[in-house]
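Written out below as structure tokens is the structure these notes cover.
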Amino acid sequence: MIYDLWDVFQHGKIAAASGAAEDAKRDARHADTRLHAEVLRLESKIDGLALICQALFEILRDKGGVTQDEVDARMKEIDLRDGRADGRIRGQPTKCPQCKRIAHTRQRVCMYCSAPILGGMLAERTLVARSKSNRRK
């Protein structure tokens, strides 16, 4: 009789563990899907920024006579604007145009009211405008 109760208890534990494993597997698949979508979004953003940079450099080179050395010097100057020579542009705090709370120029929308944050970098604003116009077509 004790063995029968022990078997019932063990089967219950096994069923609970099996259910938890299935839940974890489902959650992992969902997280993988979300991460894959985010990677695709970021790759698209990088491709768009690279395209903008290349177009601007070629226009400056062809029409304005700007050299690669001048571009490199300006890149170093811009990189140092945040006080760090790390090859990155960091955003900065700004106020949301709608709710007036503190937001960050690296955000697309305000985390409080979802209003677009337009104080971001020029290239990002250009990309956002271009992607919106592409969606309308």
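Each chain in the structure tokens gets a letter, A, B and so on, in the order shown; residues start at 1 in every chain, and ligands are counted from 1 in the order they appear.
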Practice item. List every residue of chain A that DSSP, applied to the backbone, labels as strand (DSSP E), and write the result as a list in words. Key: Pro93, Thr94, Lys95, Ile102, Ala103 and His104 of chain A
Practice item. Measure the distance from atom CA of Ile117 of chain A to atom CA of Leu42 of chain A in Å and round it to one decimal. Key: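 Answer for the atom CA of Ile117 of chain A to atom CA of Leu42 of chain A separation: 18.3 Å.
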Exercise for review: Give me the residues within 12 Å of Val109 of chain A as a ChimeraX atom specification, counting only C-alpha atoms and dropping any in the same chain fewer than 6 places off.
Suggested key: /A:94-99,101-103,115-120,128
Practice item. Among the residues of segment 8-126 of chain A, find those DSSP assigns to alpha helix (DSSP H) from the backbone and print them as a PyMOL selection string. Key: chain A and resi 8-59+68-79+122-126
Output as CSV one row per residue of segment 36-72 of chain A within 12 Å of segment 17-31 of chain A: the closest atom pair and its distance in Å to one decimal place, counting only C-alpha atoms, sorted by chain and residue number ascending.
residue,atom,partner,partner_atom,distance
A:His36,CA,A:Ala31,CA,8.5
A:Ala37,CA,A:Ala31,CA,9.9
A:Glu38,CA,A:Ala31,CA,10.5
Point to revise | Who sits within 12 Å of segment 69-80 of chain A, only C-alpha atoms, same chain under 2 positions skipped, as a PyMOL selection string | key: chain A and resi 53-54+56-58+60-61+64-67+82-91+121
Hey, can you spit out that residue selection with N, CA and C atoms as a PDB file, in the first residue's frame?
ATOM      1  N   CYS A  53      25.790  56.239 -45.375  1.00  0.00           N
ATOM      2  CA  CYS A  53      27.191  56.675 -45.235  1.00  0.00           C
ATOM      3  C   CYS A  53      27.922  56.619 -46.571  1.00  0.00           C
ATOM      4  N   GLN A  54      27.754  55.529 -47.296  1.00  0.00           N
ATOM      5  CA  GLN A  54      28.436  55.383 -48.576  1.00  0.00           C
ATOM      6  C   GLN A  54      27.969  56.436 -49.571  1.00  0.00           C
ATOM      7  N   LEU A  56      26.649  59.403 -48.929  1.00  0.00           N
ATOM      8  CA  LEU A  56      27.145  60.725 -48.527  1.00  0.00           C
ATOM      9  C   LEU A  56      28.625  60.880 -48.832  1.00  0.00           C
ATOM     10  N   PHE A  57      29.407  59.849 -48.562  1.00  0.00           N
ATOM     11  CA  PHE A  57      30.835  59.948 -48.847  1.00  0.00           C
ATOM     12  C   PHE A  57      31.085  60.125 -50.346  1.00  0.00           C
ATOM     13  N   GLU A  58      30.380  59.353 -51.162  1.00  0.00           N
ATOM     14  CA  GLU A  58      30.590  59.469 -52.607  1.00  0.00           C
ATOM     15  C   GLU A  58      30.160  60.841 -53.130  1.00  0.00           C
ATOM     16  N   LEU A  60      30.158  63.662 -51.372  1.00  0.00           N
ATOM     17  CA  LEU A  60      31.167  64.611 -50.891  1.00  0.00           C
ATOM     18  C   LEU A  60      32.464  64.490 -51.676  1.00  0.00           C
ATOM     19  N   ARG A  61      32.850  63.279 -51.963  1.00  0.00           N
ATOM     20  CA  ARG A  61      34.083  63.066 -52.720  1.00  0.00           C
ATOM     21  C   ARG A  61      33.949  63.599 -54.143  1.00  0.00           C
ATOM     22  N   GLY A  64      32.253  67.609 -53.749  1.00  0.00           N
ATOM     23  CA  GLY A  64      32.848  68.550 -52.819  1.00  0.00           C
ATOM     24  C   GLY A  64      34.344  68.411 -52.658  1.00  0.00           C
ATOM     25  N   GLY A  65      34.937  67.401 -53.254  1.00  0.00           N
ATOM     26  CA  GLY A  65      36.370  67.220 -53.161  1.00  0.00           C
ATOM     27  C   GLY A  65      36.849  66.829 -51.771  1.00  0.00           C
ATOM     28  N   VAL A  66      36.017  66.191 -50.986  1.00  0.00           N
ATOM     29  CA  VAL A  66      36.410  65.768 -49.642  1.00  0.00           C
ATOM     30  C   VAL A  66      37.232  64.483 -49.749  1.00  0.00           C
ATOM     31  N   THR A  67      38.339  64.446 -49.018  1.00  0.00           N
ATOM     32  CA  THR A  67      39.224  63.280 -49.071  1.00  0.00           C
ATOM     33  C   THR A  67      38.899  62.293 -47.956  1.00  0.00           C
ATOM     34  N   ASP A  82      31.410  62.615 -27.107  1.00  0.00           N
ATOM     35  CA  ASP A  82      30.887  62.115 -25.834  1.00  0.00           C
ATOM     36  C   ASP A  82      31.995  61.895 -24.807  1.00  0.00           C
ATOM     37  N   GLY A  83      33.219  62.306 -25.157  1.00  0.00           N
ATOM     38  CA  GLY A  83      34.335  62.192 -24.222  1.00  0.00           C
ATOM     39  C   GLY A  83      35.075  60.871 -24.286  1.00  0.00           C
ATOM     40  N   ARG A  84      34.685  59.995 -25.196  1.00  0.00           N
ATOM     41  CA  ARG A  84      35.322  58.677 -25.313  1.00  0.00           C
ATOM     42  C   ARG A  84      35.675  58.403 -26.765  1.00  0.00           C
ATOM     43  N   ALA A  85      36.890  57.915 -26.976  1.00  0.00           N
ATOM     44  CA  ALA A  85      37.300  57.479 -28.313  1.00  0.00           C
ATOM     45  C   ALA A  85      37.047  55.981 -28.391  1.00  0.00           C
ATOM     46  N   ASP A  86      35.786  55.616 -28.620  1.00  0.00           N
ATOM     47  CA  ASP A  86      35.422  54.197 -28.605  1.00  0.00           C
ATOM     48  C   ASP A  86      34.749  53.730 -29.891  1.00  0.00           C
ATOM     49  N   GLY A  87      34.733  54.573 -30.917  1.00  0.00           N
ATOM     50  CA  GLY A  87      34.133  54.174 -32.184  1.00  0.00           C
ATOM     51  C   GLY A  87      32.617  54.113 -32.159  1.00  0.00           C
ATOM     52  N   ARG A  88      31.996  54.776 -31.182  1.00  0.00           N
ATOM     53  CA  ARG A  88      30.540  54.741 -31.061  1.00  0.00           C
ATOM     54  C   ARG A  88      29.995  56.143 -30.860  1.00  0.00           C
ATOM     55  N   ILE A  89      28.765  56.344 -31.302  1.00  0.00           N
ATOM     56  CA  ILE A  89      28.038  57.572 -31.008  1.00  0.00           C
ATOM     57  C   ILE A  89      27.047  57.225 -29.915  1.00  0.00           C
ATOM     58  N   ARG A  90      27.135  57.923 -28.846  1.00  0.00           N
ATOM     59  CA  ARG A  90      26.192  57.682 -27.755  1.00  0.00           C
ATOM     60  C   ARG A  90      25.119  58.765 -27.810  1.00  0.00           C
ATOM     61  N   GLY A  91      23.911  58.365 -27.469  1.00  0.00           N
ATOM     62  CA  GLY A  91      22.828  59.329 -27.414  1.00  0.00           C
ATOM     63  C   GLY A  91      22.948  60.173 -26.158  1.00  0.00           C
ATOM     64  N   MET A 121      19.952  60.984 -33.665  1.00  0.00           N
ATOM     65  CA  MET A 121      20.963  61.352 -34.652  1.00  0.00           C
ATOM     66  C   MET A 121      20.345  61.489 -36.032  1.00  0.00           C
TER      67      MET A 121
END
Check your understanding: How many Å separate atom CA of Gln92 of chain A from atom CA of Arg106 of chain A?
Key ->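 Separation of atom CA of Gln92 of chain A and atom CA of Arg106 of chain A: 7.4 Å.
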Review point. In Å, with one decimal, what is the gap from atom CA of Thr105 of chain A to atom CA of Arg81 of chain A?
Key: 14.8 Å
